[in-house]
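Content type mmCIF, C-alpha atoms, from the file upload33.cif:
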```cif
data_entry
loop_
_atom_site.label_atom_id
_atom_site.label_comp_id
_atom_site.auth_asym_id
_atom_site.auth_seq_id
_atom_site.Cartn_x
_atom_site.Cartn_y
_atom_site.Cartn_z
CA MET A 206 -4.23 54.62 7.78
CA PRO A 207 -4.70 51.52 5.57
CA LEU A 208 -1.59 49.63 4.58
CA THR A 209 -0.23 50.39 1.11
CA LEU A 210 0.93 47.13 -0.41
CA LEU A 211 4.39 46.86 -1.90
CA GLN A 212 4.38 46.23 -5.63
CA PRO A 213 5.19 42.64 -6.70
CA SER A 214 6.57 44.09 -9.94
CA ASN A 215 9.49 45.40 -7.85
CA ASP A 216 12.05 42.62 -8.31
CA ILE A 217 13.10 42.38 -4.67
CA VAL A 218 9.46 42.32 -3.51
CA PHE A 219 8.80 39.60 -6.09
CA LYS A 220 11.55 37.45 -4.63
CA MET A 221 10.53 38.12 -1.02
CA LEU A 222 6.97 37.16 -1.93
CA PHE A 223 7.57 33.98 -3.92
CA ALA A 224 10.84 32.57 -2.51
CA ALA A 225 9.67 32.33 1.10
CA PRO A 226 9.20 28.79 2.50
CA ASN A 227 5.44 29.32 2.93
CA SER A 228 5.04 30.59 -0.64
CA GLN A 229 5.59 27.37 -2.57
CA GLU A 230 1.89 27.00 -3.32
CA SER A 231 1.75 30.48 -4.83
CA LEU A 232 4.97 29.98 -6.77
CA THR A 233 3.73 26.64 -8.07
CA ALA A 234 0.50 28.27 -9.29
CA LEU A 235 2.43 31.04 -11.03
CA LEU A 236 4.77 28.58 -12.75
CA LYS A 237 1.81 26.48 -13.83
CA ALA A 238 0.11 29.54 -15.34
CA VAL A 239 3.24 30.39 -17.35
CA LEU A 240 4.33 26.91 -18.44
CA LYS A 241 0.93 25.20 -18.80
CA PRO A 242 2.58 21.79 -18.22
CA ALA A 243 1.01 18.50 -19.21
CA ASN A 244 1.70 17.14 -15.72
CA LYS A 245 1.45 18.71 -12.29
CA ILE A 246 4.36 20.87 -11.14
CA LYS A 247 5.85 19.66 -7.87
CA ILE A 248 8.59 21.81 -6.35
CA ALA A 249 11.33 19.86 -4.59
CA THR A 250 13.28 22.88 -3.38
CA ILE A 251 14.03 26.56 -3.95
CA LYS A 252 17.79 26.52 -4.36
CA ASN A 253 18.46 30.23 -3.67
CA PRO A 254 15.85 31.61 -1.24
CA GLU A 255 18.20 34.13 0.37
CA ILE A 256 17.84 37.90 -0.18
CA PRO A 257 21.22 39.70 -0.45
CA LYS A 258 20.15 42.64 1.73
CA ASN A 259 23.48 44.48 1.76
CA GLU A 260 23.48 44.67 -2.04
CA ALA A 261 19.85 45.61 -2.62
CA ALA A 262 20.75 48.98 -4.15
CA GLU A 263 23.16 47.45 -6.67
CA LYS A 264 21.54 47.48 -10.12
CA GLY A 265 23.57 44.45 -11.24
CA ILE A 266 22.34 42.16 -8.48
CA ILE A 267 20.51 39.02 -9.66
CA LEU A 268 17.22 38.39 -7.84
CA ASP A 269 16.13 35.19 -9.54
CA ILE A 270 14.32 32.26 -7.95
CA LEU A 271 15.91 28.95 -8.95
CA VAL A 272 13.52 26.04 -8.50
CA GLU A 273 14.23 22.32 -8.70
CA LEU A 274 11.21 20.13 -9.40
CA THR A 275 10.76 16.62 -8.09
CA ASP A 276 11.74 15.21 -11.50
CA GLY A 277 15.07 17.09 -11.33
CA SER A 278 14.26 19.69 -13.98
CA LEU A 279 15.19 23.29 -13.21
CA ILE A 280 13.18 26.50 -13.55
CA ASP A 281 14.68 29.94 -13.08
CA VAL A 282 12.18 32.78 -12.74
CA GLU A 283 12.94 36.45 -12.33
CA MET A 284 11.14 39.78 -12.43
CA GLN A 285 12.91 42.15 -14.83
CA VAL A 286 12.15 45.79 -14.01
CA VAL A 287 14.61 47.69 -16.24
CA ASP A 288 14.96 47.26 -19.99
CA THR A 289 18.74 47.02 -20.30
CA LYS A 290 18.49 46.13 -24.03
CA ASN A 291 20.26 42.81 -23.51
CA ILE A 292 17.42 40.58 -22.35
CA TRP A 293 18.06 37.92 -25.01
CA LEU A 294 21.72 37.58 -24.08
CA ARG A 295 20.89 37.51 -20.38
CA ALA A 296 18.27 34.80 -20.83
CA LEU A 297 20.63 32.61 -22.86
CA TYR A 298 23.46 33.18 -20.37
CA TYR A 299 21.25 32.30 -17.40
CA TRP A 300 20.09 29.14 -19.14
CA ALA A 301 23.64 28.10 -20.13
CA ARG A 302 25.00 28.73 -16.64
CA ILE A 303 22.25 26.78 -14.89
CA TYR A 304 22.34 23.93 -17.40
CA ALA A 305 26.13 23.55 -17.25
CA ASN A 306 26.25 23.75 -13.45
CA GLN A 307 24.26 20.52 -13.19
CA LEU A 308 27.33 18.46 -14.07
CA GLN A 309 30.37 17.84 -11.94
CA ARG A 310 33.65 16.74 -13.49
CA GLY A 311 33.37 13.25 -14.98
CA GLU A 312 29.57 13.02 -14.77
CA ASP A 313 27.54 11.66 -17.69
CA TYR A 314 25.82 14.16 -19.98
CA ARG A 315 22.76 11.93 -19.86
CA THR A 316 22.13 13.07 -16.29
CA LEU A 317 21.35 16.62 -17.49
CA LYS A 318 17.78 17.74 -16.88
CA PRO A 319 15.51 20.16 -18.78
CA THR A 320 16.10 23.79 -17.86
CA THR A 321 13.67 26.69 -18.28
CA VAL A 322 14.29 30.40 -17.77
CA ILE A 323 11.25 32.65 -17.22
CA PHE A 324 11.62 36.41 -17.42
CA ILE A 325 8.58 38.36 -16.22
CA LEU A 326 9.12 41.77 -17.82
CA ASN A 327 7.78 45.04 -16.48
CA PHE A 328 8.28 46.55 -19.93
CA GLU A 329 7.46 45.63 -23.53
CA GLN A 330 10.13 43.52 -25.20
CA PHE A 331 8.17 42.65 -28.34
CA PRO A 332 6.27 45.81 -29.38
CA ASP A 333 5.97 44.53 -32.94
CA ILE A 334 3.84 41.59 -31.69
CA PRO A 335 0.98 43.57 -30.12
CA LEU A 336 -1.52 40.77 -29.46
CA HIS A 337 0.88 38.43 -27.68
CA PHE A 338 2.19 38.99 -24.17
CA HIS A 339 3.63 35.49 -23.54
CA HIS A 340 6.49 34.40 -25.80
CA VAL A 341 7.99 30.90 -25.67
CA PHE A 342 11.25 29.87 -27.36
CA MET A 343 12.60 26.34 -27.55
CA LEU A 344 15.32 24.37 -29.32
CA GLN A 345 13.58 23.48 -32.57
CA HIS A 346 14.35 21.68 -35.82
CA LEU A 347 14.59 24.33 -38.53
CA GLN A 348 12.72 22.31 -41.16
CA LEU A 349 10.46 20.28 -38.87
CA ALA A 350 8.76 22.70 -36.49
CA SER A 351 7.09 19.91 -34.57
CA TYR A 352 10.47 18.49 -33.50
CA THR A 353 11.67 20.28 -30.37
CA HIS A 354 14.04 19.37 -27.57
CA PRO A 355 12.70 19.89 -24.03
CA HIS A 356 16.02 20.82 -22.41
CA LEU A 357 16.02 24.44 -23.61
CA ARG A 358 13.06 26.74 -22.98
CA LEU A 359 12.90 30.52 -22.57
CA ASP A 360 9.67 32.28 -21.55
CA PHE A 361 9.09 36.03 -21.67
CA VAL A 362 5.91 37.46 -20.11
CA GLU A 363 5.28 41.16 -20.77
CA LEU A 364 3.28 42.61 -17.87
CA PRO A 365 2.35 46.03 -19.35
CA LYS A 366 0.96 44.54 -22.56
CA LEU A 367 -2.67 43.93 -21.62
CA PRO A 368 -4.70 42.95 -24.69
CA SER A 369 -8.46 43.08 -24.82
CA ALA A 370 -10.60 40.07 -23.97
CA GLU A 371 -10.99 39.34 -27.68
CA ASP A 372 -7.25 39.44 -28.24
CA GLU A 373 -6.71 37.30 -25.17
CA ALA A 374 -9.07 34.63 -26.42
CA SER A 375 -7.59 34.65 -29.90
CA GLU A 376 -4.11 34.19 -28.48
CA SER A 377 -4.63 31.33 -26.10
CA GLY A 378 -8.03 29.92 -26.96
CA ALA A 379 -8.81 30.35 -23.26
CA PRO A 380 -11.29 32.63 -21.50
CA ALA A 381 -10.19 36.20 -20.90
CA HIS A 382 -9.77 35.47 -17.19
CA GLU A 383 -7.35 32.58 -17.63
CA GLN A 384 -4.73 32.23 -14.92
CA LEU A 385 -1.77 33.97 -16.54
CA THR A 386 -3.90 37.06 -17.22
CA ILE A 387 -4.92 37.20 -13.58
CA TRP A 388 -1.33 36.80 -12.42
CA ARG A 389 -0.22 39.62 -14.72
CA ARG A 390 -2.88 41.92 -13.34
CA PHE A 391 -2.05 40.94 -9.77
CA LEU A 392 1.69 41.54 -10.25
CA LEU A 393 1.02 44.96 -11.76
CA ASN A 394 -1.53 46.10 -9.16
CA PRO A 395 -2.67 43.71 -6.40
CA GLU A 396 -5.05 46.39 -5.09
CA ALA A 397 -6.97 46.85 -8.37
CA ALA A 398 -10.66 47.13 -7.54
CA ASP A 399 -11.78 44.68 -10.21
CA LEU A 400 -9.49 41.98 -8.79
CA GLN A 401 -10.68 42.00 -5.21
CA GLU A 402 -13.72 39.76 -5.57
CA LEU A 403 -11.66 37.19 -7.47
CA ILE A 404 -8.87 37.35 -4.88
CA MET A 405 -11.29 36.75 -2.03
CA THR A 406 -12.88 33.72 -3.74
CA ASP A 407 -9.72 32.10 -5.13
CA PRO A 408 -7.70 30.35 -2.36
CA ILE A 409 -4.33 30.78 -4.10
CA PHE A 410 -4.70 34.49 -4.84
CA LYS A 411 -6.19 35.11 -1.39
CA LYS A 412 -3.19 33.44 0.22
CA THR A 413 -0.74 35.27 -2.06
CA LYS A 414 -2.26 38.63 -1.18
CA GLU A 415 -2.08 37.78 2.53
CA GLN A 416 1.61 36.93 2.08
CA LEU A 417 2.12 40.23 0.27
CA GLU A 418 0.45 42.03 3.17
CA ALA A 419 2.85 40.33 5.58
CA VAL A 420 5.84 41.40 3.46
CA SER A 421 4.46 44.93 3.22
CA ASN A 422 4.12 45.11 7.02
CA ASP A 423 7.82 44.38 7.46
CA PRO A 424 9.81 47.64 7.85
CA GLU A 425 12.98 45.98 6.55
CA ALA A 426 11.16 44.75 3.45
CA ARG A 427 9.84 48.25 2.80
CA ARG A 428 13.36 49.67 3.19
CA LEU A 429 14.79 47.19 0.70
CA ALA A 430 11.96 47.81 -1.75
CA GLN A 431 12.63 51.55 -1.58
CA LEU A 432 16.35 50.97 -2.16
CA ARG A 433 15.55 48.96 -5.29
CA GLU A 434 13.15 51.62 -6.55
CA ASP A 435 15.74 54.36 -5.94
CA ALA A 436 18.37 52.29 -7.75
CA ARG A 437 16.03 51.88 -10.72
CA ARG A 438 15.30 55.61 -10.88
CA ASN A 439 19.00 56.46 -10.64
CA TYR A 440 19.70 54.02 -13.46
CA ASP A 441 16.97 55.53 -15.64
CA SER A 442 18.32 59.01 -14.89
CA SER A 443 21.91 58.06 -15.74
CA ILE A 444 20.77 56.43 -18.99
CA GLY A 445 18.86 59.60 -19.94
CA ILE A 446 21.88 61.80 -19.23
CA ALA A 447 24.20 59.47 -21.14
CA ARG A 448 21.81 59.45 -24.10
CA SER A 449 21.66 63.27 -24.19
CA GLU A 450 25.44 63.55 -23.97
CA GLY A 451 25.81 60.91 -26.66
CA GLU A 452 23.50 62.81 -29.00
CA GLU A 453 25.47 66.01 -28.40
CA ILE A 454 28.80 64.27 -29.05
CA GLY A 455 27.35 62.56 -32.10
CA LEU A 456 26.19 65.87 -33.55
CA LYS A 457 29.60 67.43 -32.99
CA LYS A 458 31.38 64.49 -34.61
CA GLY A 459 28.92 64.56 -37.49
CA ILE A 460 29.75 68.18 -38.18
CA GLU A 461 33.48 67.45 -37.98
CA LYS A 462 33.06 64.53 -40.35
CA GLY A 463 31.08 66.69 -42.74
CA ILE A 464 33.86 69.27 -42.78
CA GLU A 465 36.44 66.54 -43.34
CA ILE A 466 34.44 65.08 -46.24
CA GLY A 467 34.00 68.52 -47.75
CA LYS A 468 37.72 69.29 -47.52
CA ARG A 469 38.82 65.93 -48.90
CA LYS A 470 36.27 65.09 -51.55
CA GLY A 471 34.84 68.41 -52.71
CA LEU A 472 31.39 69.28 -53.88
CA GLU A 473 31.25 67.17 -57.06
CA GLU A 474 31.65 63.78 -55.31
CA GLY A 475 29.28 64.97 -52.60
CA ILE A 476 26.57 65.57 -55.19
CA GLU A 477 27.25 62.21 -56.82
CA LYS A 478 26.74 60.43 -53.49
CA GLY A 479 23.60 62.35 -52.62
CA ARG A 480 25.25 64.40 -49.88
CA GLN A 481 24.34 67.83 -51.16
CA GLN A 482 22.02 68.43 -48.24
CA ALA A 483 24.70 67.46 -45.72
CA LEU A 484 27.19 69.85 -47.35
CA GLU A 485 24.69 72.69 -47.26
CA ASP A 486 24.10 72.04 -43.57
CA VAL A 487 27.85 72.21 -42.86
CA VAL A 488 28.10 75.53 -44.76
CA TYR A 489 25.19 76.92 -42.77
CA ILE A 490 26.64 75.76 -39.42
CA LEU A 491 30.05 77.31 -40.18
CA SER A 492 28.38 80.57 -41.22
CA HIS A 493 26.28 80.52 -38.04
CA GLN A 494 29.52 80.24 -36.04
CA GLY A 495 30.68 83.56 -37.55
CA ILE A 496 33.01 82.21 -40.24
CA ASP A 497 32.85 84.35 -43.38
CA VAL A 498 32.13 83.15 -46.90
CA GLU A 499 35.75 83.30 -48.03
CA LYS A 500 37.00 81.18 -45.12
CA ILE A 501 34.17 78.65 -45.58
CA ALA A 502 35.10 78.34 -49.25
CA GLN A 503 38.73 77.66 -48.27
CA ILE A 504 37.78 75.07 -45.65
CA LEU A 505 35.44 73.17 -47.96
CA ASN A 506 37.42 73.74 -51.15
CA LEU A 507 34.49 75.50 -52.80
CA GLU A 508 34.05 78.59 -54.94
CA GLN A 509 32.95 81.61 -52.95
CA PHE A 510 29.89 82.12 -55.14
CA THR A 511 28.84 78.51 -54.43
CA VAL A 512 28.99 79.14 -50.68
CA ALA A 513 27.11 82.42 -51.13
CA ASN A 514 24.38 80.68 -53.16
CA ILE A 515 23.99 77.96 -50.53
CA LEU A 516 23.57 80.56 -47.79
CA THR A 517 21.17 82.62 -49.89
CA ASN A 518 19.01 79.58 -50.69
CA LYS A 519 19.11 78.50 -47.04
CA THR A 520 17.91 81.95 -45.97
CA LYS A 521 15.08 81.89 -48.49
CA SER A 522 13.96 78.43 -47.43
CA THR A 523 13.74 79.45 -43.80
#
```
Starting from the file, give its structure as structure tokens.
Amino acid sequence: MPLTLLQPSNDIVFKMLFAAPNSQESLTALLKAVLKPANKIKIATIKNPEIPKNEAAEKGIILDILVELTDGSLIDVEMQVVDTKNIWLRALYYWARIYANQLQRGEDYRTLKPTTVIFILNFEQFPDIPLHFHHVFMLQHLQLASYTHPHLRLDFVELPKLPSAEDEASESGAPAHEQLTIWRRFLLNPEAADLQELIMTDPIFKKTKEQLEAVSNDPEARRLAQLREDARRNYDSSIGIARSEGEEIGLKKGIEKGIEIGKRKGLEEGIEKGRQQALEDVVYILSHQGIDVEKIAQILNLEQFTVANILTNKTKST
């Protein structure tokens, strides 16, 4: 049976693939595709190559790859699998932590080096920007857009957002098969049929796929990848349950608030504030719970005929 490759879009597989000592060439090529630097990228060291195996199932574990270049600048790259709705805050926190940790007590601020955080996202973070999949943010002068400071840079690459060749060219001015596009496709599906010829003829992608095959052949790597996938599914499931429960609680509280407003403010103020529809819904819900017209009128401080008319009109409308 042919080997099924592990998915590089799994965050622990991503780190096992790119943080290994023999993977610097692949990591360098990926960073170059994202950052498009004016000068060559030369990695001095990967500062956190270890994989915390005993904590692989913990959803809060950080699986970043922190790289120091030969010029001292720092690049932190991480695959983000789950949309936790706090990606901006996380990116800024990562950057601030890495930037601040460069200095020891008493050291000169002038020794600080540029720091970049790259989040490769396996979800869409910017759905309102459909033609752009790579988003770069820097410290910039508000009035003079051309004035930026190189010490702060945040990159977000959305893997699922695959624009057409025309969109690709309009975004970057580069051919549709420019390097970042190929990396995105590889990270999403390294076994895609239309990638295989390119992989076999490009030394970097050929080597990266061979490294992925080696990782995929490792039983321990497969176990850890499955743990991460199970943790992601459990997280998605718990979020779905929490959302359903929240909607149910919200509906209940909304009804209670409607009753409270009706008791306290009466129908006249409700009409003035455009809440007639909400009041009618509360009357209908109370009636549906078996409360008679007289009791509803007492609860909401209404005339009985008003409650009766609301129920009659509601019945006709349905």
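A straight line drawn from CA of Arg302 in chain A to CA of Ile267 in chain A is 13.2 Å long.
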Measuring atom to atom with all atoms listed in the file, identify which of A:Leu294, A:Leu232, A:Leu393, A:Met221 is nearest to Lys412 in chain A.
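Ranked by minimum distance to Lys412 in chain A, first place goes to A:Leu232.
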Residue members of the PyMOL selection byres ((chain A and resi 273) around 9) in the file shown, as number ranges by chain
A: 247-252, 271-272, 274-281
For the point (6.7, 32.6, -15.0) in file coordinates, what residues are within 6 Å, counting only C-alpha atoms? Give the answer as a ChimeraX atom specification?
/A:236,239,282,323
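Between CA of Met284 in chain A and CA of Val362 in chain A the separation is 9.6 Å.
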What is the distance between CA of Asn244 in chain A and CA of Thr321 in chain A, in Å to one decimal?
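A separation of 15.5 Å between them.
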Produce the centre coordinates and the three edge lengths, each in Å to one decimal, of the box along x, y and z that contains all listed atoms of range 358-366 of chain A with 3 Å added on each side, as lines of an AutoDock Vina configuration file.
```
center_x = 7.0
center_y = 36.4
center_z = -20.4
size_x = 18.1
size_y = 25.3
size_z = 11.1
```
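Comparing the minimum interatomic distances between Trp293 in chain A and each of A:Asp333, A:Asp360, A:Asp269, A:Glu230, counting only C-alpha atoms, we find that A:Asp360 sits nearest.
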Extract, using all atoms listed in the file, all DNA, RNA and protein residues at most 7 Å from range 413-427 of chain A, discarding same-chain residues fewer than 4 positions from it, and format them as a PyMOL selection string.
chain A and resi 210-211+222+231+409+431
Neighbours of Ser492 in chain A within 12 Å (all atoms listed in the file; same-chain residues fewer than 3 positions away dropped), as a PDB file with C-alpha atoms, in the frame of the given file?
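Once written, around.pdb looks like this:
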```
ATOM      1  CA  GLU A 485      24.690  72.690 -47.260  1.00  0.00           C
ATOM      2  CA  ASP A 486      24.100  72.040 -43.570  1.00  0.00           C
ATOM      3  CA  VAL A 487      27.850  72.210 -42.860  1.00  0.00           C
ATOM      4  CA  VAL A 488      28.100  75.530 -44.760  1.00  0.00           C
ATOM      5  CA  TYR A 489      25.190  76.920 -42.770  1.00  0.00           C
ATOM      6  CA  GLY A 495      30.680  83.560 -37.550  1.00  0.00           C
ATOM      7  CA  ILE A 496      33.010  82.210 -40.240  1.00  0.00           C
ATOM      8  CA  ASP A 497      32.850  84.350 -43.380  1.00  0.00           C
ATOM      9  CA  VAL A 498      32.130  83.150 -46.900  1.00  0.00           C
ATOM     10  CA  GLU A 499      35.750  83.300 -48.030  1.00  0.00           C
ATOM     11  CA  LYS A 500      37.000  81.180 -45.120  1.00  0.00           C
ATOM     12  CA  ILE A 501      34.170  78.650 -45.580  1.00  0.00           C
ATOM     13  CA  ALA A 502      35.100  78.340 -49.250  1.00  0.00           C
ATOM     14  CA  ILE A 504      37.780  75.070 -45.650  1.00  0.00           C
ATOM     15  CA  VAL A 512      28.990  79.140 -50.680  1.00  0.00           C
ATOM     16  CA  ALA A 513      27.110  82.420 -51.130  1.00  0.00           C
ATOM     17  CA  ILE A 515      23.990  77.960 -50.530  1.00  0.00           C
ATOM     18  CA  LEU A 516      23.570  80.560 -47.790  1.00  0.00           C
ATOM     19  CA  THR A 517      21.170  82.620 -49.890  1.00  0.00           C
ATOM     20  CA  LYS A 519      19.110  78.500 -47.040  1.00  0.00           C
ATOM     21  CA  THR A 520      17.910  81.950 -45.970  1.00  0.00           C
TER      22      THR A 520
END
```
Can you tell me, as a PyMOL selection string, what residues are no more than 12 Å from Leu268 in chain A when counting only C-alpha atoms, ignoring any on the same chain fewer than 6 positions away?
chain A and resi 215-224+253-258+260-262+281-286+324+433
